[in-house]
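Peer 1: What follows is the file protein15.csv, containing CSV, C-alpha atoms:
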```csv
chain,number,residue,atom,x,y,z
E,1,MET,CA,4.6,49.4,-64.6
E,2,PRO,CA,7.9,48.5,-62.9
E,3,ASN,CA,9.7,45.4,-64.2
E,4,ALA,CA,9.1,42.2,-62.3
E,5,ILE,CA,11.9,41.5,-59.8
E,6,ASP,CA,13.3,38.1,-58.8
E,7,PRO,CA,14.0,38.5,-55.1
E,8,SER,CA,16.3,35.4,-55.2
E,9,ALA,CA,18.7,37.1,-57.6
E,10,ALA,CA,21.9,38.3,-56.1
E,11,PRO,CA,22.7,42.1,-56.1
E,12,ALA,CA,25.3,43.1,-58.7
E,13,PRO,CA,28.3,45.1,-57.5
E,14,VAL,CA,29.0,48.5,-59.1
E,15,SER,CA,31.8,50.9,-58.3
E,16,ARG,CA,31.2,54.7,-58.3
E,17,PRO,CA,32.9,57.7,-56.8
E,18,GLY,CA,32.1,58.1,-53.1
E,19,TYR,CA,30.8,55.0,-51.4
E,20,ALA,CA,31.2,51.8,-53.5
E,21,ARG,CA,27.7,50.8,-54.2
E,22,GLN,CA,26.0,47.5,-55.0
E,23,LYS,CA,22.9,47.4,-57.2
E,24,THR,CA,19.9,45.1,-57.0
E,25,PRO,CA,18.3,43.6,-60.1
E,26,GLY,CA,15.5,46.0,-59.6
E,27,GLY,CA,17.8,49.0,-60.0
E,28,VAL,CA,18.3,50.1,-56.4
E,29,ALA,CA,21.9,51.3,-55.6
E,30,TYR,CA,22.9,50.9,-52.0
E,31,PHE,CA,25.9,50.9,-49.7
E,32,GLU,CA,26.2,48.4,-46.8
E,33,ALA,CA,28.4,48.5,-43.7
E,34,GLY,CA,28.6,46.9,-40.3
E,35,GLU,CA,26.9,43.9,-38.7
E,36,GLY,CA,23.9,43.5,-36.4
E,37,GLN,CA,20.3,44.4,-36.7
E,38,PRO,CA,19.5,46.1,-40.1
E,39,LEU,CA,19.0,49.8,-40.3
E,40,VAL,CA,17.8,51.2,-43.7
E,41,LEU,CA,18.6,54.9,-44.4
E,42,ILE,CA,16.8,57.0,-47.0
E,43,HIS,CA,17.9,60.5,-48.0
E,44,GLY,CA,15.9,63.4,-49.3
E,45,VAL,CA,15.2,65.0,-52.7
E,46,GLY,CA,18.3,66.1,-54.6
E,47,MET,CA,20.6,64.2,-52.3
E,48,ARG,CA,22.3,60.8,-52.4
E,49,LEU,CA,23.3,58.2,-49.8
E,50,GLU,CA,26.5,60.0,-49.0
E,51,ALA,CA,24.3,62.5,-47.1
E,52,TRP,CA,24.3,59.9,-44.3
E,53,GLU,CA,28.1,59.8,-44.1
E,54,PRO,CA,28.2,60.8,-40.3
E,55,GLN,CA,25.6,58.2,-39.4
E,56,ILE,CA,27.1,55.4,-41.5
E,57,ALA,CA,30.5,55.9,-39.9
E,58,GLU,CA,29.1,55.8,-36.3
E,59,LEU,CA,26.1,53.5,-36.4
E,60,SER,CA,27.8,50.8,-38.5
E,61,LYS,CA,29.9,50.1,-35.3
E,62,THR,CA,26.8,48.3,-33.8
E,63,SER,CA,24.3,47.9,-36.7
E,64,ARG,CA,24.1,46.6,-40.2
E,65,ILE,CA,23.6,49.9,-42.1
E,66,ILE,CA,22.0,49.8,-45.5
E,67,ALA,CA,21.9,53.3,-47.1
E,68,VAL,CA,20.0,53.6,-50.4
E,69,ASP,CA,20.0,56.0,-53.3
E,70,MET,CA,16.4,57.2,-53.9
E,71,PRO,CA,15.0,56.5,-57.4
E,72,GLY,CA,16.6,58.8,-59.9
E,73,HIS,CA,19.2,59.9,-57.4
E,74,GLY,CA,22.8,58.7,-57.1
E,75,GLU,CA,23.0,55.4,-59.0
E,76,SER,CA,19.5,54.2,-58.6
E,77,ASP,CA,17.2,53.8,-61.6
E,78,LYS,CA,14.3,56.2,-62.0
E,79,LEU,CA,10.6,55.7,-61.4
E,80,PRO,CA,8.3,56.8,-64.1
E,81,SER,CA,7.5,60.6,-64.3
E,82,GLY,CA,4.4,61.4,-62.3
E,83,SER,CA,5.0,58.7,-59.7
E,84,SER,CA,3.3,59.4,-56.4
E,85,ILE,CA,4.6,59.0,-52.8
E,86,LYS,CA,2.8,55.6,-52.8
E,87,ASP,CA,5.0,54.5,-55.7
E,88,PHE,CA,8.1,55.4,-53.7
E,89,VAL,CA,6.8,53.5,-50.7
E,90,ALA,CA,6.2,50.4,-52.9
E,91,TRP,CA,9.7,50.8,-54.4
E,92,LEU,CA,11.2,50.6,-50.9
E,93,GLY,CA,9.0,47.5,-50.2
E,94,ARG,CA,10.4,45.8,-53.3
E,95,PHE,CA,13.9,46.7,-52.2
E,96,LEU,CA,13.4,45.0,-48.8
E,97,ASP,CA,12.1,41.9,-50.7
E,98,GLU,CA,15.2,41.9,-52.9
E,99,MET,CA,17.5,42.1,-49.9
E,100,LYS,CA,15.5,39.5,-48.1
E,101,LEU,CA,15.0,41.8,-45.1
E,102,GLU,CA,12.0,40.6,-43.2
E,103,ARG,CA,12.2,43.2,-40.4
E,104,VAL,CA,14.2,46.4,-40.2
E,105,SER,CA,14.6,49.7,-38.5
E,106,ILE,CA,14.2,52.6,-40.9
E,107,ALA,CA,15.3,56.2,-40.8
E,108,GLY,CA,14.4,58.8,-43.4
E,109,HIS,CA,15.4,62.4,-43.9
E,110,SER,CA,13.0,64.9,-45.5
E,111,MET,CA,11.4,63.0,-48.4
E,112,GLY,CA,13.1,59.9,-47.0
E,113,ALA,CA,11.1,60.6,-43.8
E,114,MET,CA,7.9,60.8,-45.8
E,115,ILE,CA,8.7,57.4,-47.4
E,116,SER,CA,9.5,55.9,-44.0
E,117,GLY,CA,6.2,57.1,-42.7
E,118,GLY,CA,4.5,55.4,-45.7
E,119,VAL,CA,6.4,52.2,-45.1
E,120,VAL,CA,5.4,51.9,-41.4
E,121,ALA,CA,1.8,52.7,-42.4
E,122,THR,CA,1.8,50.2,-45.3
E,123,PHE,CA,3.6,47.2,-43.8
E,124,PRO,CA,4.1,47.8,-40.1
E,125,GLU,CA,5.0,44.2,-39.4
E,126,ARG,CA,8.3,44.7,-41.2
E,127,ILE,CA,9.4,47.8,-39.3
E,128,ALA,CA,11.0,47.4,-35.9
E,129,ARG,CA,11.3,51.2,-35.3
E,130,VAL,CA,11.1,54.4,-37.4
E,131,ALA,CA,13.0,57.7,-37.2
E,132,TYR,CA,11.5,60.7,-39.0
E,133,LEU,CA,14.2,63.3,-39.5
E,134,ASN,CA,13.3,66.8,-40.7
E,135,GLY,CA,10.0,65.4,-42.1
E,136,VAL,CA,6.9,67.4,-43.0
E,137,TYR,CA,3.4,66.9,-41.6
E,138,LYS,CA,0.2,68.5,-42.8
E,139,ARG,CA,1.7,71.6,-44.4
E,140,GLY,CA,-0.4,74.8,-43.9
E,141,PRO,CA,-2.0,76.5,-47.0
E,142,GLU,CA,0.9,78.9,-47.5
E,143,ALA,CA,3.6,76.3,-47.2
E,144,LYS,CA,1.6,73.9,-49.4
E,145,ALA,CA,1.2,76.5,-52.2
E,146,ALA,CA,4.9,77.3,-52.1
E,147,VAL,CA,6.1,73.7,-52.4
E,148,LEU,CA,3.6,73.0,-55.2
E,149,ALA,CA,4.8,76.1,-57.0
E,150,ARG,CA,8.4,74.9,-56.7
E,151,ALA,CA,7.5,71.5,-58.1
E,152,ALA,CA,5.7,73.1,-61.0
E,153,SER,CA,8.7,75.3,-61.9
E,154,ILE,CA,11.1,72.4,-62.3
E,155,ALA,CA,10.0,71.7,-65.9
E,156,SER,CA,10.8,75.2,-67.1
E,157,GLU,CA,13.5,76.3,-64.7
E,158,GLY,CA,15.4,73.0,-63.9
E,159,VAL,CA,16.8,72.1,-60.5
E,160,ASP,CA,16.9,75.0,-58.0
E,161,LYS,CA,20.3,74.9,-56.4
E,162,GLU,CA,20.2,78.2,-54.5
E,163,GLY,CA,16.7,78.1,-52.8
E,164,PRO,CA,17.4,74.9,-50.9
E,165,LEU,CA,20.8,76.1,-49.7
E,166,LEU,CA,19.1,79.3,-48.3
E,167,ARG,CA,16.3,77.3,-46.6
E,168,TRP,CA,18.5,74.4,-45.3
E,169,PHE,CA,21.5,76.1,-43.9
E,170,GLY,CA,22.5,79.0,-41.6
E,171,ASP,CA,25.7,81.0,-41.8
E,172,ASP,CA,27.5,79.2,-39.0
E,173,PRO,CA,30.9,77.5,-39.7
E,174,ASP,CA,29.4,74.0,-39.0
E,175,SER,CA,27.3,74.4,-42.1
E,176,ASN,CA,30.1,75.3,-44.5
E,177,ARG,CA,31.2,71.8,-45.5
E,178,ALA,CA,27.6,70.4,-45.5
E,179,ARG,CA,26.5,73.3,-47.7
E,180,ALA,CA,29.3,72.7,-50.2
E,181,LEU,CA,28.5,68.9,-50.4
E,182,THR,CA,24.8,69.6,-50.8
E,183,ARG,CA,25.4,72.1,-53.6
E,184,GLY,CA,27.5,69.4,-55.4
E,185,TRP,CA,24.8,66.8,-55.1
E,186,LEU,CA,22.1,69.2,-56.3
E,187,GLU,CA,24.3,70.1,-59.3
E,188,ALA,CA,24.8,66.4,-60.1
E,189,VAL,CA,21.3,65.1,-59.7
E,190,ASP,CA,19.4,63.8,-62.7
E,191,PRO,CA,16.8,66.5,-63.5
E,192,GLN,CA,14.0,64.0,-64.4
E,193,GLY,CA,14.6,61.9,-61.3
E,194,TYR,CA,14.6,65.1,-59.2
E,195,ALA,CA,11.4,66.4,-60.8
E,196,THR,CA,9.6,63.1,-60.2
E,197,ALA,CA,10.7,62.9,-56.6
E,198,TYR,CA,9.9,66.5,-55.9
E,199,GLY,CA,6.4,66.2,-57.4
E,200,ALA,CA,5.7,63.2,-55.1
E,201,PHE,CA,7.1,65.1,-52.1
E,202,ALA,CA,5.1,68.2,-52.8
E,203,ALA,CA,1.8,66.4,-53.1
E,204,GLY,CA,2.4,63.6,-50.5
E,205,ASP,CA,2.4,65.2,-47.1
E,206,GLY,CA,-1.2,64.3,-46.4
E,207,VAL,CA,-1.2,60.8,-47.7
E,208,TYR,CA,0.1,59.0,-44.6
E,209,SER,CA,-0.4,61.9,-42.1
E,210,ASP,CA,-3.1,60.1,-40.1
E,211,CYS,CA,-1.1,56.9,-39.7
E,212,TRP,CA,0.8,57.8,-36.5
E,213,SER,CA,-1.9,56.9,-34.0
E,214,LYS,CA,-1.7,53.3,-35.3
E,215,VAL,CA,2.1,53.1,-35.1
E,216,VAL,CA,3.2,51.1,-32.1
E,217,CYS,CA,6.9,50.7,-32.7
E,218,PRO,CA,9.4,53.2,-31.3
E,219,ALA,CA,9.1,56.4,-33.4
E,220,MET,CA,11.5,59.3,-33.1
E,221,PHE,CA,10.7,62.6,-34.7
E,222,LEU,CA,13.8,64.9,-35.0
E,223,THR,CA,14.3,68.3,-36.5
E,224,GLY,CA,16.2,71.5,-36.1
E,225,ASP,CA,14.5,74.4,-34.3
E,226,GLY,CA,15.4,76.7,-37.3
E,227,ASP,CA,13.9,74.4,-40.0
E,228,PRO,CA,11.2,76.6,-41.7
E,229,ASN,CA,9.5,73.7,-43.5
E,230,SER,CA,9.9,70.7,-41.2
E,231,THR,CA,9.1,72.5,-38.1
E,232,PRO,CA,9.4,71.5,-34.4
E,233,GLU,CA,5.6,71.8,-34.2
E,234,MET,CA,5.3,69.2,-36.9
E,235,ALA,CA,7.6,66.8,-35.1
E,236,GLU,CA,5.9,67.3,-31.8
E,237,SER,CA,2.4,66.8,-33.3
E,238,MET,CA,3.4,63.4,-34.8
E,239,ALA,CA,5.2,62.4,-31.6
E,240,GLN,CA,2.1,63.1,-29.5
E,241,GLN,CA,0.0,60.8,-31.8
E,242,ALA,CA,2.4,57.8,-31.9
E,243,VAL,CA,1.9,55.2,-29.2
E,244,ASN,CA,5.6,55.0,-28.5
E,245,GLY,CA,6.8,58.3,-30.0
E,246,TRP,CA,8.9,61.2,-28.9
E,247,ALA,CA,10.4,64.4,-30.4
E,248,GLU,CA,14.0,65.6,-30.4
E,249,ILE,CA,14.5,69.3,-31.4
E,250,ILE,CA,18.1,70.4,-32.0
E,251,LYS,CA,18.7,74.1,-31.3
E,252,GLY,CA,20.6,76.3,-33.7
E,253,HIS,CA,20.2,74.0,-36.7
E,254,ARG,CA,18.0,73.8,-39.8
E,255,HIS,CA,17.1,71.2,-42.4
E,256,MET,CA,20.3,69.2,-42.9
E,257,VAL,CA,20.7,68.6,-39.2
E,258,ASN,CA,22.2,65.1,-39.6
E,259,MET,CA,25.1,66.7,-41.4
E,260,THR,CA,25.4,70.0,-39.4
E,261,ALA,CA,24.9,68.4,-35.9
E,262,PRO,CA,26.1,64.9,-36.5
E,263,ASP,CA,27.2,64.1,-32.9
E,264,LEU,CA,23.9,65.0,-31.4
E,265,VAL,CA,21.9,63.2,-34.2
E,266,ASN,CA,24.0,60.1,-33.7
E,267,GLN,CA,23.5,60.2,-30.0
E,268,TYR,CA,19.7,60.4,-30.4
E,269,MET,CA,19.8,57.7,-33.0
E,270,ARG,CA,21.8,55.4,-30.8
E,271,HIS,CA,19.1,55.9,-28.1
E,272,TRP,CA,16.4,55.2,-30.6
E,273,LEU,CA,18.0,52.0,-31.8
E,274,ALA,CA,18.4,50.8,-28.2
E,275,THR,CA,14.7,51.4,-27.4
E,276,LYS,CA,12.8,48.2,-26.9
E,277,GLU,CA,10.3,47.3,-29.5
E,278,GLU,CA,6.6,47.5,-28.5
E,279,THR,CA,3.9,45.3,-29.8
E,280,ARG,CA,0.1,45.4,-29.4
```
Take the structure in the file and give it back as structure tokens.
Peer 2:
Amino acid sequence: MPNAIDPSAAPAPVSRPGYARQKTPGGVAYFEAGEGQPLVLIHGVGMRLEAWEPQIAELSKTSRIIAVDMPGHGESDKLPSGSSIKDFVAWLGRFLDEMKLERVSIAGHSMGAMISGGVVATFPERIARVAYLNGVYKRGPEAKAAVLARAASIASEGVDKEGPLLRWFGDDPDSNRARALTRGWLEAVDPQGYATAYGAFAAGDGVYSDCWSKVVCPAMFLTGDGDPNSTPEMAESMAQQAVNGWAEIIKGHRHMVNMTAPDLVNQYMRHWLATKEETR
């Protein structure tokens, strides 16, 4: 069981390479910039909050950006081995309590998207709008078997650094810097934290998949047309179900689209953040 958290305790500052993080008493490392309505950013498996660098730089001009390191990634404490996607969603809820954030917009990428979907399904009253970037939805049998096999192989083979790079990036010049950064993050990630997160990600795509018909806040589903795992069809299926949902498909890009097509992603996110909240 996670340690009890005192939401009234002040976060303790820590200084690390990259963005200078703060850390909550519950062990969540985060970076904060800008003023305005709060926007929480959650990265994917193997990454760290620096993956949101283009969005932090642009969106902090008009919003209060709070980018987090997922458990066992960056500088955040781990969750216990075997934790499920529901445990990661509960972790994010505790973070909102610690930060005294009653209502936020939330954007997640890849597993971060899966967490954001769980958050809006679990405590919708706290979510003003949700952005689901390169997120999965009801994988088919072949894709499900492949991701479960990758999760099972981590214990014996460690963190796969080459497979994600092949799936996530093309050979275009725009991908070169993003690929190099991603390789560095995969090489630095804590193996146990990675294994726990990947296991939850592999098994979690169906847990909250039926929530979208009940989501009434603005919901944007964005992916690249070349993403083989978080496909345009997945984004469009979720968007059709959400009461106030829509899909954005970026041509010529794959999984790390927020890094390889930052100007377009920032444009779509600014539009999403400006969309009026809906209530029922």
Peer 1: Between CA of Val28 (chain E) and CA of Asp190 (chain E), what is the distance, to one decimal in Å?
Peer 2: 15.1 Å
Peer 1: Between E:Ala29, E:Ala195, E:Ile65, E:Met111, single out the one closest to Ser81 (chain E), counting only C-alpha atoms.
Peer 2: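 Checking each of E:Ala29, E:Ala195, E:Ile65, E:Met111 against Ser81 (chain E), counting only C-alpha atoms, the winner is E:Ala195.
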Peer 1: Might you pull out every residue within 9 Å of Met70 (chain E), with all atoms listed in the file counted and same-chain residues fewer than 5 positions away left off, and present them as a list in words?
Peer 2: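 Using all atoms listed in the file, the neighbours found are Val28, Ala29, Ile42, His43, Gly44, Val45, Met47, Arg48, Leu49, Glu75, Ser76, Asp77, Lys78, Phe88, Leu92, Gly112, Gly193 and Ala197 of chain E.
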Peer 1: Skipping near chain neighbours, those fewer than 2 positions away, what residues fall within 9 Å of Val120 (chain E) using only C-alpha atoms, listed as a ChimeraX atom specification?
Peer 2: /E:106,115-118,122-127,129-130,211-212,215,217
Peer 1: Write the residues of the preceding selection, restricted to C-alpha atoms, as a PDB file, in the frame of the given file.
Peer 2:
```pdb
ATOM      1  CA  ILE E 106      14.200  52.600 -40.900  1.00  0.00           C
ATOM      2  CA  ILE E 115       8.700  57.400 -47.400  1.00  0.00           C
ATOM      3  CA  SER E 116       9.500  55.900 -44.000  1.00  0.00           C
ATOM      4  CA  GLY E 117       6.200  57.100 -42.700  1.00  0.00           C
ATOM      5  CA  GLY E 118       4.500  55.400 -45.700  1.00  0.00           C
ATOM      6  CA  THR E 122       1.800  50.200 -45.300  1.00  0.00           C
ATOM      7  CA  PHE E 123       3.600  47.200 -43.800  1.00  0.00           C
ATOM      8  CA  PRO E 124       4.100  47.800 -40.100  1.00  0.00           C
ATOM      9  CA  GLU E 125       5.000  44.200 -39.400  1.00  0.00           C
ATOM     10  CA  ARG E 126       8.300  44.700 -41.200  1.00  0.00           C
ATOM     11  CA  ILE E 127       9.400  47.800 -39.300  1.00  0.00           C
ATOM     12  CA  ARG E 129      11.300  51.200 -35.300  1.00  0.00           C
ATOM     13  CA  VAL E 130      11.100  54.400 -37.400  1.00  0.00           C
ATOM     14  CA  CYS E 211      -1.100  56.900 -39.700  1.00  0.00           C
ATOM     15  CA  TRP E 212       0.800  57.800 -36.500  1.00  0.00           C
ATOM     16  CA  VAL E 215       2.100  53.100 -35.100  1.00  0.00           C
ATOM     17  CA  CYS E 217       6.900  50.700 -32.700  1.00  0.00           C
TER      18      CYS E 217
END
```
Peer 1: When distances are computed from all atoms listed in the file, which of E:Ser60, E:Ala20, E:Gly204, E:Ala242 shows the smallest separation from Val147 (chain E)?
Peer 2: E:Gly204
Peer 1: Could you work out how far CA of Ala261 (chain E) lies from CA of Glu53 (chain E), giving the answer in Å with one decimal?
Peer 2: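 Those two atoms sit 12.3 Å apart.
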Peer 1: Select from region 92-164 of chain E every residue with an atom at most 10 Å from any atom of region 250-256 of chain E, then for each give the shortest pair of atoms and their distance in Å to one decimal, using all atoms listed in the file, rows by chain and rising number, as a tab-separated table.
Peer 2:
```
residue	atom	partner	partner_atom	distance
E:His109	CA	E:Met256	CA	8.4
E:Ser110	CA	E:His255	CA	8.1
E:Leu133	CA	E:His255	CA	8.9
E:Asn134	CA	E:His255	CA	6.1
E:Gly135	CA	E:His255	CA	9.2
E:Pro164	CA	E:His255	CA	9.3
```
Peer 1: Just give me the gap between CA of Met269 (chain E) and CA of Leu222 (chain E) in Å, one decimal is fine.
Peer 2: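 About the pair CA of Met269 (chain E) and CA of Leu222 (chain E): they are 9.6 Å apart.
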Peer 1: I'd like the contact shell of Gln267 (chain E) - 12 Å cut-off, all atoms listed in the file, skipping same-chain residues fewer than 5 positions apart - returned as number ranges by chain.
Peer 2: E: 54-55, 58-59, 222, 248, 250, 258, 261-262, 272-274
Peer 1: Counting only C-alpha atoms, which residue out of E:Leu79, E:Val243, E:Ala51, E:Leu148 sits closest to Met259 (chain E)?
Peer 2: E:Ala51
Peer 1: Up to 7 Å from (31.2, 55.2, -49.1) in the file's coordinates: name the residues, counting only C-alpha atoms, as JSON, numbers by chain.
Peer 2: {"E": [18, 19, 20, 31, 50]}
Peer 1: Take the residues just selected and output them with C-alpha atoms as a CSV table (one decimal), in the frame of the given file.
Peer 2:
```
chain,number,residue,atom,x,y,z
E,18,GLY,CA,32.1,58.1,-53.1
E,19,TYR,CA,30.8,55.0,-51.4
E,20,ALA,CA,31.2,51.8,-53.5
E,31,PHE,CA,25.9,50.9,-49.7
E,50,GLU,CA,26.5,60.0,-49.0
```
Peer 1: Could you tell me which of E:Glu35, E:Glu102, E:Asp69, E:Glu277 comes closest to Arg21 (chain E) if we count all atoms listed in the file?
Peer 2: E:Asp69
Peer 1: Measuring atom to atom with only C-alpha atoms, identify which of E:Trp246, E:Phe169, E:Tyr137, E:Phe221 is nearest to Phe201 (chain E).
Peer 2: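 Distance minimum relative to Phe201 (chain E) lands on E:Tyr137.
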Peer 1: Can you take the partial region 142-161 of chain E, add N, CA, C and O atoms, and return it as an mmCIF file, in the frame of the given file?
Peer 2:
```cif
data_model
loop_
_atom_site.group_PDB
_atom_site.id
_atom_site.type_symbol
_atom_site.label_atom_id
_atom_site.label_comp_id
_atom_site.auth_asym_id
_atom_site.auth_seq_id
_atom_site.Cartn_x
_atom_site.Cartn_y
_atom_site.Cartn_z
ATOM 1 N N GLU E 142 -0.165 78.117 -46.944
ATOM 2 C CA GLU E 142 0.900 78.900 -47.500
ATOM 3 C C GLU E 142 2.099 78.034 -47.903
ATOM 4 O O GLU E 142 2.661 78.137 -49.006
ATOM 5 N N ALA E 143 2.509 77.167 -46.978
ATOM 6 C CA ALA E 143 3.600 76.300 -47.200
ATOM 7 C C ALA E 143 3.291 75.286 -48.358
ATOM 8 O O ALA E 143 4.144 74.968 -49.203
ATOM 9 N N LYS E 144 2.056 74.802 -48.368
ATOM 10 C CA LYS E 144 1.600 73.900 -49.400
ATOM 11 C C LYS E 144 1.687 74.535 -50.783
ATOM 12 O O LYS E 144 2.199 73.953 -51.747
ATOM 13 N N ALA E 145 1.186 75.766 -50.885
ATOM 14 C CA ALA E 145 1.200 76.500 -52.200
ATOM 15 C C ALA E 145 2.646 76.709 -52.626
ATOM 16 O O ALA E 145 2.955 76.587 -53.825
ATOM 17 N N ALA E 146 3.543 77.029 -51.694
ATOM 18 C CA ALA E 146 4.900 77.300 -52.100
ATOM 19 C C ALA E 146 5.636 76.068 -52.593
ATOM 20 O O ALA E 146 6.346 76.132 -53.602
ATOM 21 N N VAL E 147 5.428 74.929 -51.945
ATOM 22 C CA VAL E 147 6.100 73.700 -52.400
ATOM 23 C C VAL E 147 5.542 73.205 -53.697
ATOM 24 O O VAL E 147 6.272 72.700 -54.562
ATOM 25 N N LEU E 148 4.237 73.355 -53.900
ATOM 26 C CA LEU E 148 3.600 73.000 -55.200
ATOM 27 C C LEU E 148 4.142 73.861 -56.301
ATOM 28 O O LEU E 148 4.370 73.394 -57.424
ATOM 29 N N ALA E 149 4.309 75.145 -56.008
ATOM 30 C CA ALA E 149 4.800 76.100 -57.000
ATOM 31 C C ALA E 149 6.272 75.702 -57.379
ATOM 32 O O ALA E 149 6.662 75.762 -58.566
ATOM 33 N N ARG E 150 7.064 75.333 -56.386
ATOM 34 C CA ARG E 150 8.400 74.900 -56.700
ATOM 35 C C ARG E 150 8.463 73.665 -57.537
ATOM 36 O O ARG E 150 9.267 73.544 -58.468
ATOM 37 N N ALA E 151 7.569 72.734 -57.253
ATOM 38 C CA ALA E 151 7.500 71.500 -58.100
ATOM 39 C C ALA E 151 7.111 71.819 -59.490
ATOM 40 O O ALA E 151 7.679 71.262 -60.440
ATOM 41 N N ALA E 152 6.155 72.727 -59.667
ATOM 42 C CA ALA E 152 5.700 73.100 -61.000
ATOM 43 C C ALA E 152 6.757 73.785 -61.823
ATOM 44 O O ALA E 152 6.779 73.701 -63.057
ATOM 45 N N SER E 153 7.658 74.497 -61.155
ATOM 46 C CA SER E 153 8.700 75.300 -61.900
ATOM 47 C C SER E 153 9.832 74.476 -62.385
ATOM 48 O O SER E 153 10.610 74.967 -63.216
ATOM 49 N N ILE E 154 9.972 73.230 -61.933
ATOM 50 C CA ILE E 154 11.100 72.400 -62.300
ATOM 51 C C ILE E 154 11.188 72.193 -63.812
ATOM 52 O O ILE E 154 12.254 72.232 -64.429
ATOM 53 N N ALA E 155 10.023 71.956 -64.421
ATOM 54 C CA ALA E 155 10.000 71.700 -65.900
ATOM 55 C C ALA E 155 10.573 72.786 -66.692
ATOM 56 O O ALA E 155 11.264 72.544 -67.691
ATOM 57 N N SER E 156 10.335 74.023 -66.285
ATOM 58 C CA SER E 156 10.800 75.200 -67.100
ATOM 59 C C SER E 156 12.128 75.746 -66.570
ATOM 60 O O SER E 156 12.905 76.286 -67.354
ATOM 61 N N GLU E 157 12.376 75.625 -65.285
ATOM 62 C CA GLU E 157 13.500 76.300 -64.700
ATOM 63 C C GLU E 157 14.642 75.311 -64.271
ATOM 64 O O GLU E 157 15.748 75.739 -63.918
ATOM 65 N N GLY E 158 14.356 74.020 -64.261
ATOM 66 C CA GLY E 158 15.400 73.000 -63.900
ATOM 67 C C GLY E 158 15.488 72.945 -62.343
ATOM 68 O O GLY E 158 14.656 73.436 -61.587
ATOM 69 N N VAL E 159 16.559 72.303 -61.917
ATOM 70 C CA VAL E 159 16.800 72.100 -60.500
ATOM 71 C C VAL E 159 17.239 73.364 -59.824
ATOM 72 O O VAL E 159 18.215 73.999 -60.248
ATOM 73 N N ASP E 160 16.505 73.772 -58.805
ATOM 74 C CA ASP E 160 16.900 75.000 -58.000
ATOM 75 C C ASP E 160 17.997 74.607 -57.078
ATOM 76 O O ASP E 160 17.833 73.764 -56.199
ATOM 77 N N LYS E 161 19.137 75.251 -57.241
ATOM 78 C CA LYS E 161 20.300 74.900 -56.400
ATOM 79 C C LYS E 161 20.473 75.965 -55.269
ATOM 80 O O LYS E 161 21.101 75.666 -54.254
#
```
